[in-house]
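Everything below belongs to model.txt, which stores compact mmCIF, C-alpha atoms.
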```txt
# COMPACT_ATOMS: atom_id res chain seq x y z
CA MET A 908 263.64 247.02 160.27
CA PHE A 909 265.34 247.80 156.97
CA GLY A 910 268.88 247.02 155.83
CA LYS A 911 271.29 249.19 153.92
CA LYS A 912 270.51 250.77 150.56
CA CYS A 913 266.93 249.50 150.27
CA HIS A 914 264.65 251.21 147.76
CA ILE A 915 260.98 251.17 148.79
CA HIS A 916 258.42 252.84 146.56
CA ARG A 917 256.41 255.52 148.34
CA THR A 918 253.11 253.71 147.58
CA ALA A 919 254.21 250.42 149.16
CA VAL A 920 252.68 249.40 152.52
CA LEU A 921 255.02 247.84 155.09
CA GLY A 922 253.63 246.78 158.47
CA ASP A 923 255.29 246.05 161.77
CA GLY A 924 257.32 242.86 162.03
CA VAL A 925 258.79 243.24 158.52
CA VAL A 926 262.57 242.80 158.30
CA LEU A 927 264.36 243.64 155.05
CA GLY A 928 267.97 242.78 154.31
CA ASP A 929 270.39 244.97 152.39
CA HIS A 930 269.75 246.20 148.84
CA VAL A 931 266.09 245.13 148.75
CA ILE A 932 263.82 246.71 146.12
CA VAL A 933 260.09 247.00 146.87
CA GLY A 934 257.87 248.12 144.01
CA PRO A 935 254.72 250.28 143.78
CA HIS A 936 251.62 249.18 145.72
CA ALA A 937 253.33 246.15 147.24
CA VAL A 938 251.95 245.12 150.65
CA LEU A 939 254.32 243.50 153.16
CA THR A 940 253.05 242.51 156.61
CA GLY A 941 254.83 240.73 159.42
CA PRO A 942 256.10 238.46 160.59
CA LEU A 943 258.19 238.58 157.41
CA THR A 944 261.92 238.39 156.74
CA VAL A 945 263.27 239.25 153.28
CA GLY A 946 266.91 238.44 152.54
CA ASP A 947 269.54 240.63 150.91
CA ARG A 948 269.29 241.66 147.25
CA CYS A 949 265.67 240.63 146.79
CA TRP A 950 263.46 242.33 144.22
CA ILE A 951 259.76 242.62 145.08
CA GLY A 952 257.54 243.68 142.18
CA ALA A 953 254.54 245.95 141.87
CA GLY A 954 251.41 244.78 143.64
CA VAL A 955 253.09 241.85 145.38
CA VAL A 956 251.50 240.76 148.68
CA LEU A 957 253.82 239.14 151.21
CA GLY A 958 252.23 238.31 154.52
CA ALA A 959 248.49 237.79 154.15
CA PRO A 960 247.01 235.40 156.76
CA PRO A 961 246.59 231.73 155.80
CA GLU A 962 243.56 231.11 153.60
CA ILE A 963 241.99 228.79 156.17
CA LEU A 964 238.35 229.17 157.14
CA GLY A 965 238.28 230.72 160.59
CA ALA A 966 241.93 231.85 160.59
CA GLU A 967 242.39 235.07 162.54
CA HIS A 968 242.90 238.25 160.50
CA PRO A 969 244.56 241.33 162.01
CA THR A 970 242.35 244.35 162.63
CA ARG A 971 244.98 246.74 161.23
CA TRP A 972 247.36 246.41 158.29
CA SER A 973 250.26 247.59 160.43
CA ASP A 974 249.88 244.78 163.00
CA PRO A 975 251.84 241.52 162.66
CA ALA A 976 249.53 238.57 162.07
CA PRO A 977 249.18 235.97 164.85
CA HIS A 978 250.52 233.23 162.57
CA ARG A 979 253.80 231.67 161.54
CA GLY A 980 255.74 234.08 159.39
CA ILE A 981 257.37 234.14 155.97
CA VAL A 982 261.06 233.91 155.08
CA ILE A 983 262.30 234.92 151.63
CA GLY A 984 265.89 233.87 150.88
CA PRO A 985 268.55 236.22 149.51
CA GLY A 986 268.75 237.03 145.84
CA THR A 987 265.14 236.07 145.11
CA THR A 988 262.90 237.93 142.66
CA ILE A 989 259.11 237.96 143.12
CA ARG A 990 257.35 239.52 140.17
CA GLU A 991 254.21 241.61 139.99
CA LEU A 992 250.89 240.54 141.56
CA SER A 993 252.26 237.43 143.23
CA THR A 994 251.20 236.43 146.76
CA VAL A 995 252.86 234.57 149.63
CA HIS A 996 250.75 233.75 152.70
CA HIS A 997 251.79 233.36 156.32
CA GLY A 998 252.20 229.84 157.66
CA SER A 999 249.74 228.14 159.97
CA GLN A 1000 251.94 225.32 161.30
CA ARG A 1001 255.36 226.24 159.93
CA GLU A 1002 256.92 229.25 158.26
CA THR A 1003 256.16 229.71 154.60
CA THR A 1004 259.53 229.91 152.86
CA VAL A 1005 260.91 230.77 149.44
CA GLY A 1006 264.57 229.89 149.14
CA ALA A 1007 267.62 231.74 147.90
CA GLY A 1008 268.10 232.68 144.27
CA CYS A 1009 264.52 231.90 143.20
CA PHE A 1010 262.69 233.56 140.31
CA VAL A 1011 258.95 233.74 140.98
CA MET A 1012 257.05 235.12 137.99
CA ASN A 1013 253.84 237.13 137.89
CA ARG A 1014 250.51 236.09 139.47
CA VAL A 1015 251.97 233.16 141.40
CA ALA A 1016 250.17 232.05 144.58
CA ILE A 1017 252.31 230.49 147.32
CA GLU A 1018 249.85 229.49 150.02
CA HIS A 1019 250.32 228.87 153.74
CA ASP A 1020 253.02 226.48 154.99
CA VAL A 1021 254.58 226.04 151.55
CA ARG A 1022 258.33 225.53 151.39
CA VAL A 1023 260.10 226.31 148.13
CA GLY A 1024 263.78 225.36 147.88
CA ASP A 1025 266.72 227.31 146.49
CA ARG A 1026 267.21 228.33 142.85
CA CYS A 1027 263.65 227.45 141.80
CA VAL A 1028 261.86 229.01 138.83
CA VAL A 1029 258.08 229.32 139.27
CA SER A 1030 256.37 230.39 136.06
CA ALA A 1031 253.45 232.78 135.69
CA GLY A 1032 250.02 231.87 137.04
CA SER A 1033 251.12 228.85 139.08
CA THR A 1034 249.55 227.93 142.43
CA PHE A 1035 250.94 225.94 145.35
CA ALA A 1036 248.18 224.95 147.76
CA GLY A 1037 248.92 224.75 151.49
CA HIS A 1038 251.74 222.61 152.91
CA VAL A 1039 253.41 221.89 149.55
CA THR A 1040 257.16 221.17 149.67
CA VAL A 1041 259.35 221.95 146.65
CA GLY A 1042 262.99 220.86 146.48
CA ASP A 1043 265.96 222.82 145.13
CA ASP A 1044 266.47 223.62 141.43
CA VAL A 1045 262.86 222.90 140.44
CA THR A 1046 261.30 224.51 137.35
CA VAL A 1047 257.53 224.93 137.48
CA GLY A 1048 255.81 225.46 134.13
CA MET A 1049 253.25 228.18 133.51
CA HIS A 1050 249.85 227.67 135.21
CA THR A 1051 250.93 224.58 137.14
CA VAL A 1052 248.56 223.74 140.02
CA VAL A 1053 249.86 221.69 142.96
CA HIS A 1054 247.46 220.02 145.41
CA GLN A 1055 248.06 220.58 149.12
CA HIS A 1056 250.54 218.47 151.12
CA LEU A 1057 252.37 217.22 148.02
CA VAL A 1058 256.12 217.10 147.41
CA ILE A 1059 258.04 218.01 144.25
CA GLY A 1060 261.53 216.54 144.41
CA SER A 1061 264.71 218.47 143.69
CA GLY A 1062 265.60 219.08 140.05
CA ALA A 1063 262.14 218.23 138.69
CA VAL A 1064 260.32 220.15 135.94
CA THR A 1065 256.57 220.46 135.30
CA GLY A 1066 255.05 221.27 131.93
CA MET A 1067 252.64 224.10 131.21
CA GLY A 1068 249.19 223.57 132.71
CA THR A 1069 250.19 220.55 134.81
CA VAL A 1070 247.79 219.50 137.59
CA VAL A 1071 249.97 217.89 140.25
CA VAL A 1072 247.94 215.38 142.31
CA LYS A 1073 250.81 213.07 143.29
CA ASP A 1074 254.31 213.55 144.68
CA VAL A 1075 256.81 214.19 141.88
CA PRO A 1076 260.15 212.34 142.19
CA PRO A 1077 263.47 214.19 141.94
CA TYR A 1078 264.78 215.04 138.47
CA ALA A 1079 261.53 213.97 136.82
CA LYS A 1080 259.90 215.60 133.81
CA VAL A 1081 256.13 215.60 134.35
CA PHE A 1082 253.09 217.11 132.70
CA GLY A 1083 249.40 216.53 132.05
CA ASN A 1084 246.06 216.55 133.84
CA PRO A 1085 246.36 214.50 135.94
CA VAL A 1086 250.13 214.60 136.15
CA ALA A 1087 252.13 211.79 134.58
CA LEU A 1088 255.82 210.93 134.55
CA ARG A 1089 257.33 211.69 131.12
CA GLY A 1090 261.00 210.95 131.66
CA VAL A 1091 263.99 212.69 133.16
CA ASN A 1092 264.70 216.43 133.31
CA ARG A 1093 267.84 215.99 131.24
CA ILE A 1094 268.27 219.68 130.37
CA GLY A 1095 267.89 220.89 133.96
CA MET A 1096 270.22 218.20 135.29
CA GLY A 1097 272.86 219.06 132.72
CA ARG A 1098 272.67 222.74 133.58
CA SER A 1099 273.17 221.82 137.25
CA GLY A 1100 276.42 220.05 136.42
CA ILE A 1101 275.17 216.50 136.98
CA ALA A 1102 277.28 213.92 135.18
CA ASP A 1103 275.90 212.36 131.99
CA ALA A 1104 276.24 208.86 133.45
CA ASP A 1105 274.07 209.83 136.43
CA ILE A 1106 271.48 211.45 134.15
CA ASP A 1107 271.36 208.25 132.07
CA ALA A 1108 270.89 206.16 135.21
CA VAL A 1109 267.89 208.22 136.34
CA ASP A 1110 266.51 208.10 132.79
CA ARG A 1111 266.59 204.29 133.00
CA LEU A 1112 265.00 204.47 136.45
CA PHE A 1113 262.02 206.35 135.01
CA ALA A 1114 261.71 204.44 131.72
CA PRO A 1115 258.40 202.52 131.23
CA GLY A 1116 258.90 198.79 131.64
CA ALA A 1117 262.49 199.18 132.79
CA PRO A 1118 263.94 196.80 135.37
CA GLU A 1119 264.92 198.20 138.71
CA THR A 1120 267.92 200.52 138.52
CA THR A 1121 270.11 201.72 141.35
CA VAL A 1122 269.95 205.45 142.09
CA PRO A 1123 273.40 207.01 141.52
CA SER A 1124 275.13 207.66 144.84
CA ALA A 1125 275.56 211.37 144.04
CA LEU A 1126 271.78 211.76 143.67
CA ALA A 1127 270.69 209.36 146.42
CA PRO A 1128 270.22 212.08 149.08
CA ALA A 1129 267.62 213.84 146.94
CA PHE A 1130 265.64 210.60 146.52
CA GLU A 1131 265.96 209.81 150.23
CA ARG A 1132 264.57 213.23 151.20
CA TRP A 1133 261.71 212.81 148.74
CA ARG A 1134 260.80 209.32 149.95
CA ALA A 1135 260.81 210.52 153.56
CA LEU A 1136 258.15 213.15 152.74
CA ALA A 1137 256.16 211.60 149.89
CA ARG A 1138 252.75 210.16 150.76
CA LYS A 1139 251.22 209.86 147.26
CA PRO A 1140 254.24 209.17 145.02
CA LEU A 1141 254.06 208.93 141.25
CA ASP A 1142 254.84 205.38 140.23
CA PHE A 1143 258.06 204.54 138.39
CA PRO A 1144 259.78 201.20 137.76
CA GLY A 1145 262.78 201.80 140.01
CA PRO A 1146 263.02 201.17 143.75
CA ALA A 1147 260.13 202.55 145.80
```
Entire entry expressed as structure tokens:
Amino acid sequence: MFGKKCHIHRTAVLGDGVVLGDHVIVGPHAVLTGPLTVGDRCWIGAGVVLGAPPEILGAEHPTRWSDPAPHRGIVIGPGTTIRELSTVHHGSQRETTVGAGCFVMNRVAIEHDVRVGDRCVVSAGSTFAGHVTVGDDVTVGMHTVVHQHLVIGSGAVTGMGTVVVKDVPPYAKVFGNPVALRGVNRIGMGRSGIADADIDAVDRLFAPGAPETTVPSALAPAFERWRALARKPLDFPGPA
């Protein structure tokens, strides 16, 4: 089912169970298979694959490209761009989701059961293994690799080539192999309109050797959500 004023290249393959919102652009040689819902004003680049079965040994694969897969589907939020050669897989236990207003660059792999929040930027060549959860307003550096079942908190940023093997706290700046906490994402927080005093408080929270610091009340919900999901958290001096 297609919305109003969609533009689908004649070489694209769209199977049954695919729902497109209004003003969706689908580029050459893209492959979209259901169950899949794409929100309004999305831009899907050349060679993008949305809807392949989960990459789990023994997972059932459809016998025809037109058939919806017998798995949890995919939901792409409105206003999201997915650039050329990127892949999003169906969920196995929950829908795989990419939120609203995201910019997913080329050759990104978003595996089964991943949930990416709103307004995220995922740079070229990055990979999210299965069941990863990414908060809102996260920036993922080029060629970041995230181990399965991990959580990246809202407002965090990863450096180029980061290997994420622990849960990343909200608003953190992290990089390295293995990942290490390198301070606060001051630039990203400022662009999001977070007050300087709150940015300074989180900076103290993450500082090596710092005493415990209270999380600012305006940012507490993001830390609470992260703590509820995190199983292998990166250490920092503030409250656990």
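Counting all atoms listed in the file and comparing A:Ile1059, A:Met1067, A:Ala976, A:Val1011, the residue that lies closest to Ala1137 (chain A) is A:Ile1059.
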Excluding same-chain residues fewer than 3 positions from region 1094-1107 of chain A, what lies within 8 Å of it counting only C-alpha atoms, as a list in words?
Gly1062, Ala1063, Val1064, Tyr1078, Val1091, Asp1110, Arg1111, Pro1123, Ala1125 and Leu1126 of chain A
What does the file look like for those residues with C-alpha atoms, as a short mmCIF file (atom, residue, chain, number, x, y, z; two decimals), in the coordinates of the input?
```cif
data_model
loop_
_atom_site.label_atom_id
_atom_site.label_comp_id
_atom_site.auth_asym_id
_atom_site.auth_seq_id
_atom_site.Cartn_x
_atom_site.Cartn_y
_atom_site.Cartn_z
CA GLY A 1062 265.60 219.08 140.05
CA ALA A 1063 262.14 218.23 138.69
CA VAL A 1064 260.32 220.15 135.94
CA TYR A 1078 264.78 215.04 138.47
CA VAL A 1091 263.99 212.69 133.16
CA ASP A 1110 266.51 208.10 132.79
CA ARG A 1111 266.59 204.29 133.00
CA PRO A 1123 273.40 207.01 141.52
CA ALA A 1125 275.56 211.37 144.04
CA LEU A 1126 271.78 211.76 143.67
#
```
Nearest candidate to Lys1073 (chain A) (options A:Leu1088, A:Met1049, A:Val956, A:Leu939; using only C-alpha atoms):
A:Leu1088
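Nearest-residue note for His1054 (chain A): choosing from A:Gly986, A:Pro961, A:Gly941, A:Gly1037, the minimum distance belongs to A:Gly1037, counting only C-alpha atoms.
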Find the residues near Val1086 (chain A): any atom within 12 Å, counting all atoms listed in the file, skip ones fewer than 5 places away on the same chain, and give them as number ranges by chain.
A: 1051-1054, 1059, 1064-1076, 1079-1081, 1140-1142
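If all atoms listed in the file are the atoms counted, then among A:Thr918, A:Ser973, A:Thr987, A:Ser1030 the closest residue to Arg948 (chain A) is A:Thr987.
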Residue neighbourhood Met1012 (chain A), 10 Å, all atoms listed in the file, exclusion window fewer than 6 positions, as a PyMOL selection string:
chain A and resi 952+988-993+1028-1033+1049
Write out as a ChimeraX atom specification each polymer residue whose atoms come within 10 Å of His930 (chain A), counting only C-alpha atoms; drop sequence neighbours fewer than 5 positions from it.
/A:909-914,946-950,986
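For Gly984 (chain A), the residues within 12 Å (counting all atoms listed in the file, excluding itself and residues fewer than 3 positions away along the chain) are Leu927, Gly928, Val931, Leu943, Thr944, Val945, Gly946, Asp947, Arg948, Cys949, Trp950, Ile981, Thr987, Thr988, Ile989, Thr1003, Thr1004, Val1005, Gly1006, Ala1007, Gly1008, Cys1009, Phe1010, Arg1022, Val1023, Gly1024, Asp1025, Arg1026 and Cys1027 of chain A.
Pairwise distance (CA of Phe1082 (chain A), CA of Gly1048 (chain A)) equals 8.9 Å.
The gap separating CA of Ala919 (chain A) from CA of Ala953 (chain A) is 8.6 Å, in Å to one decimal.
Atom to atom, CA of His978 (chain A) and CA of Val925 (chain A) stand 13.6 Å apart.
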Tell me which of A:Pro942, A:Met908, A:Ala1135, A:Phe1143 sits closest to Thr1120 (chain A), counting only C-alpha atoms.
A:Phe1143
